[in-house]
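*Asks:* For reference, the structure I am asking about is given below.
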Amino acid sequence: MFSVLVVSRLTRLKNIESAIKAVSLLPDVKLIIVGEGPDRPRLQSLANARVEFKGKVSDKELDKLYKSCDVVLFPVLAEPFGLVPIEAMKRGKPIICSREAGVAEIVEKANAGIIVNPLDIKQIADAILLLKEKPAMRKKLGNAGRRFVKGLETKCLVEFEHALKETVREQKFI
Amino acid sequence: MRIIMIHGQFLEMGGAERSLLALADGLKNRGHEVSIQTEFTQPYTRKDSLLTPFRFFRLVNRLLKLPDSDVWLLSIHGAFISCPIVWAALFIARLRKIPTVAYVYEEAIRIDKFTPTVLKLLCMPLIAIDSLIFKIFRPKTVIAISALTARTVENRYHVKISKIIWPCFRC
């Protein structure tokens, strides 16, 4: 069965509810949810048999789950950045990413996934369906993400180091 | 360079904490001397997170006694309790003539779609104070982690973002 992975703390802001509702619209799609949080009982009451709650998992198990899923979904309502899509890109997985996440700009730039409105259940379901039906597209997006992320950390670090050095060199207060 | 990172809130291993540690490790690996100063050190729990006057005093005291360094990196992320720590750090850095870099992970006061209107109104004076303190003791460089964060901070706090640098990560 086609599997969609969500990795998140289970709170309302993370909008797992939309993921559950989107998957319930699609046959032969299962949703794996990794993470714990206060919203878990409510989410469990919304979920059908194709939704699996994994709770907190070890890094090793998380790595396995990333590798075995088909798509990673990041449906947050508000997030300044979001490391999950980066982790997915590193493993060559396509992402369906909320437009309300700061990381969406990377996903878009890398052409590593599909950007959606997190409150539009149909749009999320359509994106999952599109990726389910087009394995070549999944592969293309996954590879693009993997290529983009390679070396990104070093690039960010060098930029940061440069900013720190510049600040120290100028040594003046406004 | 001798870099001191000041991270007000270390309550759980969220994205801000993970990327901060990755940044600290990365800078260390590039030959810098890095230390992290934090008042709350209870990862994975949200207990014992109240900023009491005693804790605030203890943190201020600690910041005053820190050894000389080339730059202070202030990690700013979403919680009310971060604000007084950032305010104190900006003030003490100015006293000690240490340049500061603010790394805005998320706006210091998190207001989102789920925040009730009453709370939003109550936040307004705090945002105004935050904004004013940022203007008076302005860090030399203000870095935002994404264009989205930069837009929010510029609109809400009227603080000019110097650079956007995506966070470091370890996957």
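Numbering starts fresh at 1 for the residues of each chain in the structure tokens, the chains themselves are lettered A, B, ... in the order given, and ligands are numbered from 1 as they appear.
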Where in stretch 50-160 of chain B does DSSP assign strand (DSSP E), given as a list in words?
*Replies:* Val71, Trp72, Leu73, Leu74, Ser75, Ile76, Thr100, Val101, Ala102, Tyr103, Val104, Thr141, Val142, Ile143 and Ala144 of chain B
*Asks:* Can you write just those residues out, C-alpha atoms, as a short mmCIF file (atom, residue, chain, number, x, y, z; two decimals), in the first residue's frame?
*Replies:*
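So the final result, stored in result09.cif, reads:
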```cif
data_model
loop_
_atom_site.label_atom_id
_atom_site.label_comp_id
_atom_site.auth_asym_id
_atom_site.auth_seq_id
_atom_site.Cartn_x
_atom_site.Cartn_y
_atom_site.Cartn_z
CA VAL B 71 30.68 37.88 19.86
CA TRP B 72 27.43 36.86 21.53
CA LEU B 73 24.94 34.98 19.44
CA LEU B 74 21.41 35.41 20.76
CA SER B 75 19.05 32.67 19.79
CA ILE B 76 15.53 34.05 19.63
CA THR B 100 25.80 40.76 19.28
CA VAL B 101 24.22 38.78 16.51
CA ALA B 102 20.53 37.90 16.89
CA TYR B 103 19.42 34.72 15.21
CA VAL B 104 15.66 34.87 14.93
CA THR B 141 23.42 41.81 12.80
CA VAL B 142 19.95 40.30 12.79
CA ILE B 143 19.66 37.02 10.95
CA ALA B 144 16.35 35.31 10.20
#
```
*Asks:* At a cut-off of 7 Å, list the chain B residues touching chain A, using only C-alpha atoms, as a ChimeraX atom specification.
*Replies:* /B:15,23,26,70-71,99,105-106,112,138,140-141,145-149,165-169,171
*Asks:* Excluding B:His32 and residues on its chain fewer than 5 positions from it, collect all residues at most 9 Å away from it, counting only C-alpha atoms, and give them as JSON, numbers by chain.
*Replies:* {"B": [1, 2, 3, 27]}
*Asks:* With N, CA and C atoms kept, could you save the residues just selected as an mmCIF file, in the first residue's frame?
*Replies:*
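Final file, part-v1.cif:
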```cif
data_model
loop_
_atom_site.group_PDB
_atom_site.id
_atom_site.type_symbol
_atom_site.label_atom_id
_atom_site.label_comp_id
_atom_site.auth_asym_id
_atom_site.auth_seq_id
_atom_site.Cartn_x
_atom_site.Cartn_y
_atom_site.Cartn_z
ATOM 1 N N MET B 1 37.534 32.498 16.574
ATOM 2 C CA MET B 1 36.655 33.416 17.279
ATOM 3 C C MET B 1 36.109 32.760 18.546
ATOM 4 N N ARG B 2 35.941 33.556 19.591
ATOM 5 C CA ARG B 2 35.289 33.036 20.800
ATOM 6 C C ARG B 2 33.818 33.437 20.746
ATOM 7 N N ILE B 3 32.963 32.443 20.587
ATOM 8 C CA ILE B 3 31.537 32.711 20.389
ATOM 9 C C ILE B 3 30.747 32.182 21.589
ATOM 10 N N LEU B 27 30.512 25.155 13.970
ATOM 11 C CA LEU B 27 31.475 26.242 14.210
ATOM 12 C C LEU B 27 32.707 25.727 14.958
#
```
*Asks:* For atom CA of B:Tyr157 and atom CA of B:Leu121, determine how far apart the two atoms are, in Å to one decimal place.
*Replies:*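 Going from atom CA of B:Tyr157 over to atom CA of B:Leu121 covers 14.9 Å.
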*Asks:* If we count only C-alpha atoms, what is near A:Gly55 at a cut-off of 10 Å, once residues fewer than 4 positions away on the same chain are taken out, given as a PyMOL selection string?
*Replies:* chain A and resi 7-10+32-37+40
*Asks:* Those selected residues, please, written with C-alpha atoms and delivered as a compact mmCIF listing (two decimals), in the first residue's frame.
*Replies:*
```txt
# COMPACT_ATOMS: atom_id res chain seq x y z
CA VAL A 7 6.78 13.30 11.56
CA SER A 8 5.61 15.83 14.10
CA ARG A 9 4.72 16.75 17.63
CA LEU A 10 1.00 16.12 17.91
CA ILE A 32 2.08 6.70 9.36
CA ILE A 33 2.31 9.29 12.12
CA VAL A 34 5.51 9.56 14.17
CA GLY A 35 5.51 11.70 17.29
CA GLU A 36 3.69 12.35 20.52
CA GLY A 37 1.72 15.23 21.87
CA ARG A 40 -3.09 12.46 20.15
```
*Asks:* Atom CA of B:Leu59 and atom CA of B:Glu33 are how many Å apart?
*Replies:*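 Distance between the two atoms: 21.1 Å.
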*Asks:* Take atom CA of A:Gly113 and atom CA of A:Ile20 and report the distance between them in Å, one decimal.
*Replies:*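 Between atom CA of A:Gly113 and atom CA of A:Ile20 the gap works out to 19.4 Å.
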*Asks:* Compile the contact shell of A:Asn117 as JSON, numbers by chain: residues with an atom at most 10 Å away, counting only C-alpha atoms, same-chain residues fewer than 4 positions apart removed.
*Replies:* {"A": [75, 76, 77, 97, 98, 99, 100, 121, 122, 123, 124]}
*Asks:* Could you give me, as number ranges by chain, the residues within 9 Å of B:Phe134, counting only C-alpha atoms and dropping anything in the same chain fewer than 4 positions from it?
*Replies:* B: 87, 90, 129-130, 138-139, 157, 159
*Asks:* So that I have them on file, write out the residues from the current selection with N, CA and C atoms, as a compact mmCIF listing (two decimals), in the first residue's frame.
*Replies:*
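Below you can see out-v2.txt, which holds the result:
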```
# COMPACT_ATOMS: atom_id res chain seq x y z
N TRP B 87 16.46 40.55 26.35
CA TRP B 87 16.62 41.95 26.77
C TRP B 87 17.86 42.10 27.65
N LEU B 90 21.08 41.68 25.66
CA LEU B 90 21.40 42.85 24.81
C LEU B 90 21.97 43.98 25.66
N ILE B 129 7.23 46.61 23.78
CA ILE B 129 8.43 46.70 24.64
C ILE B 129 9.61 46.00 23.94
N ASP B 130 9.31 44.82 23.43
CA ASP B 130 10.33 44.03 22.74
C ASP B 130 10.94 44.81 21.58
N ARG B 138 20.05 47.64 19.68
CA ARG B 138 20.00 46.87 18.44
C ARG B 138 21.24 45.99 18.24
N PRO B 139 21.02 44.69 18.00
CA PRO B 139 22.15 43.85 17.68
C PRO B 139 22.77 44.31 16.36
N TYR B 157 7.59 43.66 14.36
CA TYR B 157 8.51 44.35 15.28
C TYR B 157 9.19 45.57 14.66
N VAL B 159 11.74 45.53 12.88
CA VAL B 159 13.18 45.32 13.04
C VAL B 159 13.72 44.92 11.66
```
*Asks:* Go through A:Ser68, A:Ser58, A:Ser3, A:Asn111 one by one, measure the shortest atom-to-atom distance of each to A:Leu26 using only C-alpha atoms, and give the residue with the smallest value.
*Replies:* A:Ser3
*Asks:* If we count only C-alpha atoms and set the cut-off at 7 Å, which residues sit around B:Gln37, ignoring sequence neighbours fewer than 6 positions away in its own chain? Please answer as a ChimeraX atom specification.
*Replies:* /B:5-7
